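What follows is the content of final13.txt (compact mmCIF, C-alpha atoms).
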# COMPACT_ATOMS: atom_id res chain seq x y z
CA MET A 1 0.00 0.00 0.00
CA SER A 2 1.17 3.44 -0.87
CA SER A 3 0.99 6.44 1.43
CA SER A 4 2.02 8.96 -1.23
CA LYS A 5 -0.38 11.77 -2.12
CA TYR A 6 -1.41 13.78 -5.12
CA SER A 7 -1.43 17.44 -6.07
CA THR A 8 -4.50 19.62 -5.85
CA MET A 9 -5.94 22.17 -8.25
CA PRO A 10 -6.14 25.78 -6.97
CA ASN A 11 -8.77 26.20 -4.27
CA ARG A 12 -9.80 29.41 -2.53
CA ASP A 13 -12.28 28.12 0.03
CA VAL A 14 -11.32 28.90 3.59
CA VAL A 15 -11.70 25.29 4.72
CA ASP A 16 -9.60 23.96 1.87
CA ALA A 17 -6.93 26.62 2.44
CA ALA A 18 -6.74 25.69 6.10
CA ALA A 19 -6.41 22.02 5.23
CA ALA A 20 -3.65 22.79 2.75
CA ALA A 21 -1.85 24.85 5.39
CA ASP A 22 -2.00 21.88 7.75
CA VAL A 23 -0.40 19.67 5.12
CA SER A 24 2.41 22.12 4.42
CA SER A 25 3.15 22.67 8.08
CA VAL A 26 4.06 19.08 8.85
CA GLY A 27 6.46 16.54 7.49
CA SER A 28 5.78 13.12 6.03
CA GLY A 29 7.32 11.11 8.86
CA ASN A 30 5.72 9.22 11.71
CA ALA A 31 6.39 11.59 14.60
CA VAL A 32 3.66 12.07 17.15
CA GLY A 33 3.47 15.23 19.24
CA PRO A 34 1.02 17.11 21.42
CA GLY A 35 -1.61 19.20 19.70
CA GLU A 36 -4.31 21.48 21.04
CA ASN A 37 -5.56 20.63 24.53
CA GLY A 38 -2.69 18.16 24.91
CA MET A 39 -4.13 15.76 22.33
CA LYS A 40 -1.89 13.63 20.15
CA ARG A 41 -1.13 15.12 16.77
CA PHE A 42 0.09 12.95 13.91
CA ASP A 43 1.91 13.98 10.78
CA LEU A 44 -0.17 14.36 7.63
CA SER A 45 0.59 12.59 4.39
CA SER A 46 2.64 14.51 1.88
CA ILE A 47 1.16 15.54 -1.46
CA SER A 48 2.48 13.94 -4.61
CA ALA A 49 2.71 15.73 -7.96
CA LYS A 50 0.94 12.85 -9.69
CA ASN A 51 -2.71 13.31 -10.57
CA PRO A 52 -4.80 10.46 -9.10
CA LEU A 53 -7.10 10.53 -12.12
CA GLY A 54 -4.15 9.48 -14.28
CA GLN A 55 -4.11 12.45 -16.64
CA GLU A 56 -2.14 15.62 -15.95
CA GLY A 57 -4.38 18.66 -15.71
CA ARG A 58 -7.59 16.65 -15.36
CA CYS A 59 -9.84 17.64 -12.47
CA ILE A 60 -12.86 16.14 -10.75
CA ARG A 61 -16.10 16.94 -12.58
CA THR A 62 -18.56 14.34 -11.31
CA ALA A 63 -19.09 12.53 -8.02
CA ALA A 64 -21.19 9.90 -6.30
CA ALA A 65 -21.76 8.81 -2.70
CA LEU A 66 -22.24 5.25 -1.49
CA VAL A 67 -23.72 5.04 2.00
CA ILE A 68 -23.31 1.57 3.51
CA GLY A 69 -25.25 0.30 6.50
CA ASP A 70 -28.30 -1.68 7.54
CA GLU A 71 -28.89 0.91 10.27
CA ILE A 72 -29.57 3.58 7.62
CA LEU A 73 -32.07 1.42 5.74
CA ASN A 74 -33.97 0.26 8.83
CA GLY A 75 -34.31 3.78 10.21
CA LYS A 76 -32.14 3.36 13.31
CA THR A 77 -29.63 5.99 12.14
CA MET A 78 -30.21 9.16 10.15
CA ASP A 79 -27.74 9.71 7.33
CA LYS A 80 -26.13 13.15 7.63
CA ASN A 81 -23.01 12.40 5.61
CA SER A 82 -24.57 12.46 2.15
CA ASN A 83 -26.07 15.91 2.79
CA TYR A 84 -22.69 17.26 3.88
CA PHE A 85 -21.07 15.67 0.85
CA ALA A 86 -23.64 17.28 -1.45
CA LYS A 87 -22.80 20.72 -0.03
CA TYR A 88 -19.09 19.94 -0.27
CA CYS A 89 -19.40 19.11 -3.96
CA PHE A 90 -21.58 22.10 -4.80
CA GLU A 91 -19.24 24.56 -3.10
CA ARG A 92 -16.30 23.20 -5.09
CA GLY A 93 -17.94 23.03 -8.50
CA ILE A 94 -18.33 19.24 -8.57
CA ASP A 95 -21.51 17.80 -10.08
CA LEU A 96 -22.85 15.23 -7.61
CA LYS A 97 -24.69 12.73 -9.80
CA ARG A 98 -25.84 10.03 -7.43
CA ILE A 99 -26.33 9.04 -3.79
CA GLU A 100 -27.01 5.36 -3.10
CA VAL A 101 -27.74 3.64 0.21
CA ILE A 102 -27.12 -0.09 0.39
CA PRO A 103 -27.06 -2.74 3.16
CA ASP A 104 -24.02 -4.39 4.70
CA ASP A 105 -23.98 -6.97 1.94
CA GLU A 106 -20.79 -7.95 0.12
CA ASN A 107 -22.38 -8.48 -3.29
CA GLU A 108 -24.19 -5.13 -3.11
CA ILE A 109 -20.97 -3.33 -2.15
CA ILE A 110 -19.00 -4.99 -4.93
CA GLU A 111 -21.55 -4.25 -7.66
CA THR A 112 -22.30 -0.69 -6.63
CA SER A 113 -18.68 0.38 -6.04
CA ARG A 114 -17.58 -0.97 -9.43
CA ARG A 115 -20.44 0.73 -11.24
CA LEU A 116 -20.01 4.13 -9.59
CA THR A 117 -16.22 4.15 -9.92
CA SER A 118 -16.47 3.34 -13.63
CA LYS A 119 -18.82 6.28 -14.27
CA TYR A 120 -17.70 9.13 -11.97
CA ASP A 121 -14.48 10.95 -11.11
CA PHE A 122 -14.86 10.96 -7.33
CA VAL A 123 -16.72 8.34 -5.27
CA ILE A 124 -16.96 8.13 -1.51
CA THR A 125 -18.17 5.36 0.77
CA THR A 126 -19.25 5.89 4.37
CA GLY A 127 -19.81 3.24 7.01
CA GLY A 128 -18.78 -0.33 7.71
CA ILE A 129 -15.12 0.06 8.67
CA GLY A 130 -15.27 -0.82 12.38
CA PRO A 131 -14.13 -3.96 14.26
CA THR A 132 -17.35 -6.00 14.25
CA HIS A 133 -18.70 -8.77 12.04
CA ASP A 134 -20.91 -6.45 9.98
CA ASP A 135 -18.06 -4.05 9.18
CA ILE A 136 -17.23 -5.53 5.81
CA THR A 137 -16.52 -2.46 3.66
CA TYR A 138 -12.73 -2.90 3.39
CA ALA A 139 -12.98 -6.62 2.61
CA SER A 140 -15.79 -6.16 0.08
CA LEU A 141 -13.99 -3.34 -1.74
CA ALA A 142 -10.79 -5.40 -1.84
CA ARG A 143 -12.73 -8.14 -3.63
CA ALA A 144 -14.39 -5.60 -5.91
CA PHE A 145 -11.00 -4.46 -7.22
CA ASN A 146 -9.20 -7.83 -7.08
CA GLN A 147 -6.95 -7.10 -4.12
CA SER A 148 -5.97 -8.99 -1.01
CA LEU A 149 -6.19 -7.53 2.48
CA ALA A 150 -3.11 -6.54 4.50
CA HIS A 151 -2.54 -4.71 7.77
CA HIS A 152 -1.15 -1.22 7.24
CA PRO A 153 1.82 -0.78 9.62
CA GLU A 154 1.59 3.00 10.04
CA THR A 155 -2.14 2.86 10.76
CA LEU A 156 -1.53 0.14 13.34
CA ARG A 157 1.18 2.27 14.93
CA ARG A 158 -1.12 5.30 15.17
CA LEU A 159 -3.94 3.16 16.52
CA ASP A 160 -1.64 1.75 19.21
CA GLU A 161 -0.40 5.24 20.06
CA MET A 162 -3.95 6.51 20.54
CA ASN A 163 -4.95 3.53 22.70
CA ARG A 164 -1.75 3.18 24.69
CA HIS A 165 -2.98 4.88 27.85
CA ARG A 166 -6.52 3.58 27.83
CA ALA A 167 -7.25 1.25 30.72
CA TRP A 168 -9.22 -1.28 28.73
CA VAL A 169 -6.30 -2.03 26.39
CA SER A 170 -4.46 -4.08 29.02
CA THR A 171 -7.53 -6.24 29.59
CA GLN A 172 -8.07 -7.20 25.95
CA THR A 173 -8.08 -10.85 24.97
CA PRO A 174 -6.21 -11.98 21.81
CA GLN A 175 -9.55 -12.09 19.96
CA GLN A 176 -10.37 -8.54 21.03
CA ARG A 177 -6.94 -7.27 19.97
CA GLU A 178 -7.42 -8.92 16.60
CA ALA A 179 -10.81 -7.22 16.24
CA THR A 180 -9.17 -3.86 16.96
CA LYS A 181 -6.52 -4.52 14.30
CA ARG A 182 -9.25 -5.15 11.72
CA MET A 183 -9.68 -1.39 11.48
CA ALA A 184 -6.21 -1.24 9.89
CA LEU A 185 -6.82 -4.12 7.46
CA PHE A 186 -6.95 -2.47 4.04
CA PRO A 187 -6.84 -3.55 0.39
CA GLU A 188 -3.13 -4.15 -0.15
CA ARG A 189 -2.63 -1.74 -3.08
CA ALA A 190 -4.71 1.08 -1.62
CA GLU A 191 -3.40 4.60 -1.07
CA VAL A 192 -3.52 5.54 2.59
CA LEU A 193 -4.11 9.24 3.18
CA PHE A 194 -3.63 10.68 6.65
CA VAL A 195 -5.57 13.92 6.31
CA CYS A 196 -6.19 15.00 9.92
CA GLY A 197 -3.49 15.48 12.51
CA ASP A 198 -5.70 14.54 15.45
CA ILE A 199 -7.37 11.48 13.88
CA TRP A 200 -5.52 8.20 13.47
CA VAL A 201 -8.04 6.88 10.92
CA PRO A 202 -6.88 7.44 7.32
CA VAL A 203 -8.86 7.97 4.14
CA VAL A 204 -8.25 4.86 2.03
CA ARG A 205 -8.34 5.49 -1.74
CA LEU A 206 -8.78 2.88 -4.47
CA GLU A 207 -8.44 3.27 -8.24
CA GLY A 208 -7.51 6.93 -7.73
CA LYS A 209 -11.24 7.70 -7.33
CA LEU A 210 -12.93 5.79 -4.54
CA CYS A 211 -12.33 7.15 -1.03
CA ILE A 212 -13.39 5.14 2.02
CA PHE A 213 -14.63 7.08 5.06
CA PRO A 214 -16.00 6.15 8.49
CA GLY A 215 -19.73 6.55 9.01
CA ILE A 216 -19.53 8.67 12.18
CA PRO A 217 -20.58 12.17 11.00
CA THR A 218 -18.06 14.10 13.12
CA LEU A 219 -15.20 12.02 11.71
CA PHE A 220 -16.60 12.04 8.18
CA THR A 221 -16.98 15.82 7.92
CA LYS A 222 -13.56 16.57 9.37
CA MET A 223 -11.80 14.00 7.20
CA LEU A 224 -13.64 15.09 4.05
CA ASP A 225 -12.55 18.69 4.64
CA GLY A 226 -9.01 17.48 5.27
CA LEU A 227 -8.96 15.53 2.03
CA ALA A 228 -9.34 18.63 -0.18
CA PRO A 229 -5.58 19.28 -0.70
CA TYR A 230 -5.22 15.72 -2.03
CA LEU A 231 -7.92 16.11 -4.68
CA PRO A 232 -7.65 17.61 -8.20
CA LEU A 233 -10.51 20.03 -7.64
CA PRO A 234 -11.99 22.29 -10.34
CA PRO A 235 -10.59 25.83 -10.46
CA ALA A 236 -12.44 28.44 -8.43
CA SER A 237 -13.59 30.21 -11.61
CA GLU A 238 -15.80 27.23 -12.45
CA ARG A 239 -17.67 27.08 -9.18
CA PRO A 240 -21.39 27.75 -9.29
CA LEU A 241 -23.27 30.66 -7.79
CA ARG A 242 -26.71 30.38 -6.22
CA VAL A 243 -29.32 33.13 -5.92
CA GLN A 244 -32.66 32.59 -4.14
CA ILE A 245 -35.80 34.63 -4.72
CA PHE A 246 -38.75 34.37 -2.32
CA THR A 247 -42.35 35.06 -3.26
CA GLU A 248 -45.59 34.69 -1.36
CA ARG A 249 -47.42 33.70 -4.53
CA PRO A 250 -48.64 30.08 -4.80
CA GLU A 251 -46.37 27.84 -6.84
CA SER A 252 -49.11 27.27 -9.43
CA MET A 253 -49.20 31.02 -10.12
CA ILE A 254 -45.51 31.21 -11.01
CA ALA A 255 -45.24 27.79 -12.67
CA PRO A 256 -46.01 28.98 -16.26
CA TYR A 257 -43.32 31.66 -16.10
CA LEU A 258 -40.73 29.31 -14.61
CA THR A 259 -41.53 26.69 -17.25
CA ALA A 260 -40.99 29.27 -19.99
CA LEU A 261 -37.79 30.51 -18.32
CA HIS A 262 -36.41 26.98 -18.10
CA ALA A 263 -37.17 26.40 -21.79
CA ARG A 264 -35.51 29.70 -22.71
CA MET A 265 -32.36 28.92 -20.72
CA LYS A 266 -32.19 25.50 -22.37
CA LYS A 267 -32.65 26.96 -25.85
CA GLN A 268 -29.97 29.57 -25.25
CA LYS A 269 -27.67 26.89 -23.79
CA ALA A 270 -27.34 29.00 -20.68
CA ASP A 271 -25.65 27.25 -17.79
CA ILE A 272 -28.39 28.31 -15.38
CA GLN A 273 -30.58 25.87 -13.46
CA VAL A 274 -34.03 26.95 -12.36
CA GLY A 275 -35.65 25.31 -9.33
CA SER A 276 -38.84 25.92 -7.36
CA TYR A 277 -39.19 24.92 -3.70
CA PRO A 278 -42.44 25.68 -1.84
CA VAL A 279 -42.61 26.13 1.92
CA LEU A 280 -46.06 25.08 3.14
CA GLY A 281 -48.18 28.03 4.11
CA LYS A 282 -45.41 30.57 3.57
CA GLY A 283 -44.46 30.91 -0.09
CA VAL A 284 -42.00 29.65 -2.67
CA PHE A 285 -38.24 29.87 -3.03
CA VAL A 286 -37.01 30.05 -6.61
CA SER A 287 -33.40 28.92 -6.85
CA LEU A 288 -31.09 29.98 -9.68
CA ILE A 289 -27.73 28.26 -10.04
CA GLY A 290 -25.22 29.20 -12.71
CA ARG A 291 -21.63 29.92 -13.63
CA ASP A 292 -22.10 32.94 -15.93
CA ARG A 293 -20.45 31.39 -18.96
CA ASN A 294 -20.48 32.67 -22.57
CA MET A 295 -23.70 32.18 -24.51
CA GLY A 296 -23.73 31.76 -28.27
CA LEU A 297 -26.09 34.70 -28.78
CA PRO A 298 -25.56 37.94 -30.65
CA GLY A 299 -25.04 40.86 -28.29
CA GLN A 300 -23.05 43.86 -27.25
CA GLY A 301 -20.62 44.91 -24.56
CA VAL A 302 -18.35 41.87 -24.53
CA LEU A 303 -14.62 42.30 -24.09
CA LEU A 304 -12.77 40.59 -26.93
CA ASN A 305 -9.63 38.56 -26.58
CA SER A 306 -6.82 38.71 -29.16
CA GLU A 307 -8.36 35.95 -31.27
CA GLN A 308 -11.77 37.64 -31.41
CA ARG A 309 -10.60 41.12 -32.37
CA PRO A 310 -11.06 42.03 -36.05
CA GLN A 311 -7.95 41.76 -38.17
CA PRO A 312 -6.65 44.92 -39.90
CA GLY A 313 -8.45 45.47 -43.20
CA ALA A 314 -11.28 43.05 -42.44
CA GLN A 315 -14.63 43.81 -44.10
CA PRO A 316 -17.72 44.25 -41.88
CA SER A 317 -19.18 41.01 -43.22
CA GLU A 318 -16.04 39.18 -42.10
CA VAL A 319 -16.24 40.38 -38.52
CA GLN A 320 -18.23 38.01 -36.33
CA GLU A 321 -20.29 39.62 -33.63
CA PRO A 322 -19.08 38.30 -30.29
CA PRO A 323 -21.44 36.24 -28.18
CA ALA A 324 -23.32 37.97 -25.38
CA ARG A 325 -23.62 36.48 -21.95
CA VAL A 326 -26.70 35.58 -20.00
CA TRP A 327 -25.64 36.65 -16.54
CA LEU A 328 -27.10 34.88 -13.53
CA ALA A 329 -27.68 38.21 -11.80
CA GLN A 330 -29.60 39.53 -14.81
CA ILE A 331 -31.92 36.53 -14.73
CA ALA A 332 -32.32 36.97 -10.97
CA CYS A 333 -33.50 40.57 -11.52
CA GLU A 334 -35.97 39.35 -14.12
CA VAL A 335 -37.33 36.57 -11.90
CA GLU A 336 -37.67 38.94 -8.95
CA LYS A 337 -39.89 41.20 -11.02
CA GLU A 338 -41.93 38.52 -12.80
CA ILE A 339 -42.91 36.56 -9.69
CA ASN A 340 -43.38 39.63 -7.49
CA GLY A 341 -40.62 38.35 -5.23
CA ARG A 342 -37.42 39.45 -3.60
CA ILE A 343 -33.84 38.23 -3.66
CA VAL A 344 -33.03 36.95 -0.17
CA SER A 345 -29.83 36.24 1.71
CA ASP A 346 -29.02 32.96 3.44
CA GLU A 347 -29.96 34.57 6.76
CA GLU A 348 -33.36 35.57 5.42
CA VAL A 349 -33.92 32.10 3.99
CA LYS A 350 -33.40 30.64 7.44
CA ILE A 351 -35.75 33.17 9.03
CA LEU A 352 -38.43 32.54 6.41
CA LYS A 353 -38.30 28.80 7.01
CA GLU A 354 -38.18 29.00 10.80
CA GLY A 355 -39.99 32.20 11.72
CA GLY A 356 -42.60 32.50 9.03
CA VAL A 357 -43.41 35.26 6.58
CA GLY A 358 -44.96 37.48 9.23
CA GLU A 359 -41.74 37.54 11.24
CA VAL A 360 -39.72 38.41 8.15
CA ARG A 361 -42.14 41.19 7.24
CA ARG A 362 -41.84 42.67 10.73
CA ARG A 363 -38.07 42.52 10.67
CA MET A 364 -37.89 44.04 7.21
CA GLU A 365 -40.17 46.90 8.20
CA ASP A 366 -38.14 47.50 11.36
CA GLY A 367 -34.83 47.16 9.54
CA ASP A 368 -33.70 44.32 11.82
CA ILE A 369 -32.30 42.18 9.01
CA VAL A 370 -28.75 43.10 8.12
CA PRO A 371 -28.26 42.52 4.38
CA ASP A 372 -25.17 40.99 2.87
CA THR A 373 -22.92 43.84 1.72
CA LYS A 374 -20.06 42.01 0.05
CA VAL A 375 -20.25 40.32 -3.29
CA ASN A 376 -17.31 38.11 -4.25
CA SER A 377 -16.93 36.37 -7.57
CA SER A 378 -15.66 33.22 -5.90
CA SER A 379 -18.67 33.01 -3.55
CA THR A 380 -20.96 30.02 -4.00
CA SER A 381 -24.02 31.23 -2.11
CA THR A 382 -24.93 34.88 -1.99
CA SER A 383 -27.92 37.18 -1.79
CA PHE A 384 -26.80 38.79 -5.01
CA ALA A 385 -24.16 37.13 -7.12
CA SER A 386 -22.50 39.23 -9.79
CA PRO A 387 -18.75 39.42 -10.43
CA ARG A 388 -19.04 42.76 -12.21
CA VAL A 389 -21.21 45.15 -10.14
CA SER A 390 -19.56 48.53 -9.87
CA SER A 391 -22.23 50.56 -8.07
CA PRO A 392 -25.51 50.09 -6.21
CA ALA A 393 -27.38 51.58 -9.14
CA SER A 394 -26.27 48.86 -11.55
CA ILE A 395 -27.30 45.91 -9.36
CA ALA A 396 -25.93 43.54 -12.01
CA CYS A 397 -28.67 44.35 -14.54
CA ASP A 398 -26.39 46.28 -16.91
CA SER A 399 -25.11 43.96 -19.64
CA ALA A 400 -22.63 46.52 -20.99
CA SER A 401 -20.05 45.83 -18.28
CA VAL A 402 -18.49 42.41 -18.80
CA VAL A 403 -15.21 40.77 -17.80
CA GLU A 404 -13.29 37.90 -19.30
CA PRO A 405 -13.74 34.48 -17.64
CA ASP A 406 -10.10 34.30 -16.55
CA VAL A 407 -10.14 37.66 -14.78
CA ASP A 408 -10.23 37.34 -11.00
CA VAL A 409 -12.56 40.03 -9.70
CA ASP A 410 -13.24 40.79 -6.06
CA VAL A 411 -15.80 43.58 -5.79
CA THR A 412 -17.30 45.01 -2.63
CA VAL A 413 -20.73 46.53 -3.13
CA GLU A 414 -22.75 48.44 -0.58
CA VAL A 415 -26.31 47.33 -1.28
CA LYS A 416 -29.16 49.03 0.53
CA LYS A 417 -31.93 46.47 0.75
CA PRO A 418 -35.37 48.05 0.22
CA LYS A 419 -37.92 48.00 3.00
CA LEU A 420 -41.28 46.35 2.62
CA GLY A 421 -43.30 48.22 -0.01
CA GLU A 422 -40.31 49.97 -1.62
CA VAL A 423 -39.06 49.36 -5.14
CA GLY A 424 -37.25 46.06 -5.23
CA TRP A 425 -39.69 44.33 -2.95
CA SER A 426 -42.92 45.07 -4.87
Structure rendered as structure tokens:
Amino acid sequence: MSSSKYSTMPNRDVVDAAAAADVSSVGSGNAVGPGENGMKRFDLSSISAKNPLGQEGRCIRTAAALVIGDEILNGKTMDKNSNYFAKYCFERGIDLKRIEVIPDDENEIIETSRRLTSKYDFVITTGGIGPTHDDITYASLARAFNQSLAHHPETLRRLDEMNRHRAWVSTQTPQQREATKRMALFPERAEVLFVCGDIWVPVVRLEGKLCIFPGIPTLFTKMLDGLAPYLPLPPASERPLRVQIFTERPESMIAPYLTALHARMKKQKADIQVGSYPVLGKGVFVSLIGRDRNMGLPGQGVLLNSEQRPQPGAQPSEVQEPPARVWLAQIACEVEKEINGRIVSDEEVKILKEGGVGEVRRRMEDGDIVPDTKVNSSSTSTSFASPRVSSPASIACDSASVVEPDVDVDVTVEVKKPKLGEVGWS
């Protein structure tokens, strides 16, 4: 088994940056030292220059999650890991295609893991890696990819180090010690990634794609965040933006417009998804998700690169009009007007769902809600997402101000959110 790691694509998320800093701050040896609150802190795995997907420059585009456990299917345990993974993928520009929940059954694990790994760039499994008889994930995945099982020495060493001072260790029988060691019994050719300094459990990766995680949510979330520096993630410029518009109109009243909008976006090949999510007795959230890419439509106000600029002496008929862009923020302005709604921040979304429309109305009238005032082009969830707003008056509805896709723009906009009844709320 290899403990070498792979390089990551640029990533600007705070969590990913912190994880990368942790990797760079430690060596690749086996030293164990005290961490915060006197806890043991292990070295993290180093990052290799080799791309795990096997092709230099290739990054993760698609993903799938495989949740393993009878306790999920019989209702004993609620699955929180797949929801966290969905958010993780969205925030990093990865298209999560599938989430499957299967029992602790070897044949099911073998079939599903092979199928998902063959179709998607990044697959995770959660659950089934403990010391008991029903923890069969490692063994089943070893069979799925034609590997034998072998104890991983460094994992055993870290496990022993963590358990050394626990009273129950000295009372273990040989059978109990062997059961403990099962948690370090991995497919023999797997990559073993130590991604958290205060967790002895590694992420085990197979086929450069399939990453095996524990099912405990606190471990899963921390280890998934720690894995980011070892993944070839999409560049920040390709991450999606989400804008939400709330309306008190019934969903049936706005359905015809949303249907037409969806058809228009599809016809224009706009990379904007339109979703409608009613909240019983309160209203409807319309969700717009997009990346603001070029559209193949005639238009004005687009900055041309060197290849698009007309050549000297070119006749008007030889000059192609550059494509215009359908900006997410422009569509958001349109939707806000057409459904008699209002663009809302994440804070307002939470209030609307928990406190009801009446509470939001009161707060808006009293000015209690503090609007988001910073708009960043690398943000993935914002009350108003436009990488090119230059003043409050423009509010991203002016198509004449456009930037190239490779330009990194960080714009701070002071946006005064209208009170109830003012223009902008309708």
Notebook entry, point to check: In terms of the shortest atom-to-atom distance over all atoms listed in the file, which of A:Phe220, A:Tyr277, A:Tyr120, A:Phe186 is closest to Ile245 (chain A)?
Noted result: A:Tyr277
Note to self: Could you tell me how far CA of Gln330 (chain A) sits from CA of Ser237 (chain A), in Å to one decimal place?
What the structure shows: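 Atom-to-atom, CA of Ser237 (chain A) and CA of Gln330 (chain A) are spaced 18.8 Å apart.
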Margin query: Would you pick out the contacts of region 75-84 of chain A at 12 Å or less, using all atoms listed in the file, so that residues sharing its chain but fewer than 5 positions from it are not included, and give the list as a VMD selection string?
Written below: chain A and resid 63 to 70 89 to 91 96 to 101 123 to 127 213 to 225
Check: Of the residues A:Thr132, A:Gln147, A:Ser287, A:Ser45, which is the one nearest to Gln175 (chain A), using only C-alpha atoms?
Finding: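 Counting only C-alpha atoms, the residue closest to Gln175 (chain A) is A:Thr132.
Comparing A:Cys333, A:Ala255, A:Ile199, A:Ile136 by their smallest distance to Asp105 (chain A), the closest is A:Ile136 (using all atoms listed in the file).
Taking all atoms listed in the file into account, Pro131 (chain A) lies nearest to A:Ala179 out of the set A:Leu149, A:Ala179, A:Ile339, A:Leu280.
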Item checked: Polymer residues at most 12 Å from Pro250 (chain A), all atoms listed in the file, same-chain spacing of 2 or more positions, as a VMD selection string -> chain A and resid 246 to 248 252 to 256 276 to 286 339 to 341
Residues just named, written with C-alpha atoms as a PDB file, keeping the file's coordinate frame:
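Result file again-v9.pdb:
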ATOM      1  CA  PHE A 246     -38.750  34.370  -2.320  1.00  0.00           C
ATOM      2  CA  THR A 247     -42.350  35.060  -3.260  1.00  0.00           C
ATOM      3  CA  GLU A 248     -45.590  34.690  -1.360  1.00  0.00           C
ATOM      4  CA  SER A 252     -49.110  27.270  -9.430  1.00  0.00           C
ATOM      5  CA  MET A 253     -49.200  31.020 -10.120  1.00  0.00           C
ATOM      6  CA  ILE A 254     -45.510  31.210 -11.010  1.00  0.00           C
ATOM      7  CA  ALA A 255     -45.240  27.790 -12.670  1.00  0.00           C
ATOM      8  CA  PRO A 256     -46.010  28.980 -16.260  1.00  0.00           C
ATOM      9  CA  SER A 276     -38.840  25.920  -7.360  1.00  0.00           C
ATOM     10  CA  TYR A 277     -39.190  24.920  -3.700  1.00  0.00           C
ATOM     11  CA  PRO A 278     -42.440  25.680  -1.840  1.00  0.00           C
ATOM     12  CA  VAL A 279     -42.610  26.130   1.920  1.00  0.00           C
ATOM     13  CA  LEU A 280     -46.060  25.080   3.140  1.00  0.00           C
ATOM     14  CA  GLY A 281     -48.180  28.030   4.110  1.00  0.00           C
ATOM     15  CA  LYS A 282     -45.410  30.570   3.570  1.00  0.00           C
ATOM     16  CA  GLY A 283     -44.460  30.910  -0.090  1.00  0.00           C
ATOM     17  CA  VAL A 284     -42.000  29.650  -2.670  1.00  0.00           C
ATOM     18  CA  PHE A 285     -38.240  29.870  -3.030  1.00  0.00           C
ATOM     19  CA  VAL A 286     -37.010  30.050  -6.610  1.00  0.00           C
ATOM     20  CA  ILE A 339     -42.910  36.560  -9.690  1.00  0.00           C
ATOM     21  CA  ASN A 340     -43.380  39.630  -7.490  1.00  0.00           C
ATOM     22  CA  GLY A 341     -40.620  38.350  -5.230  1.00  0.00           C
TER      23      GLY A 341
END
Could you work out an axis-aligned box for region 190-209 of chain A, taking every atom the file lists and adding 5 Å on each side, and report centre and edge lengths in Å to one decimal, as lines of an AutoDock Vina configuration file?
center_x = -7.3
center_y = 8.3
center_z = 3.6
size_x = 17.8
size_y = 24.4
size_z = 33.7
Next item on the list: Write out as a ChimeraX atom specification the residues lying within 7 Å of region 49-61 of chain A, counting all atoms listed in the file and excluding same-chain residues fewer than 5 positions away.
Entry: /A:6-7,94-95,121-122,208-209,232-234
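Reported to one decimal place, the separation of CA of Tyr138 (chain A) from CA of Ile110 (chain A) is 10.6 Å.
Across the structure, CA of Arg205 (chain A) and CA of Tyr230 (chain A) are spaced 10.7 Å apart.
Nearest to Glu347 (chain A) of all the residues A:Gly197, A:Arg164, A:Gln244, A:Pro235 is A:Gln244, based on all atoms listed in the file.
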Next item on the list: Pick out the closest residue to Gly226 (chain A) from this set: A:Tyr88, A:Trp327, A:Phe145, A:Trp168. Count all atoms listed in the file.
Entry: A:Tyr88
Next item on the list: Just the residues within 9 Å of Cys196 (chain A), please, counting all atoms listed in the file, with nothing from its chain fewer than 3 positions along; format it as a count of residues only.
Entry: 15
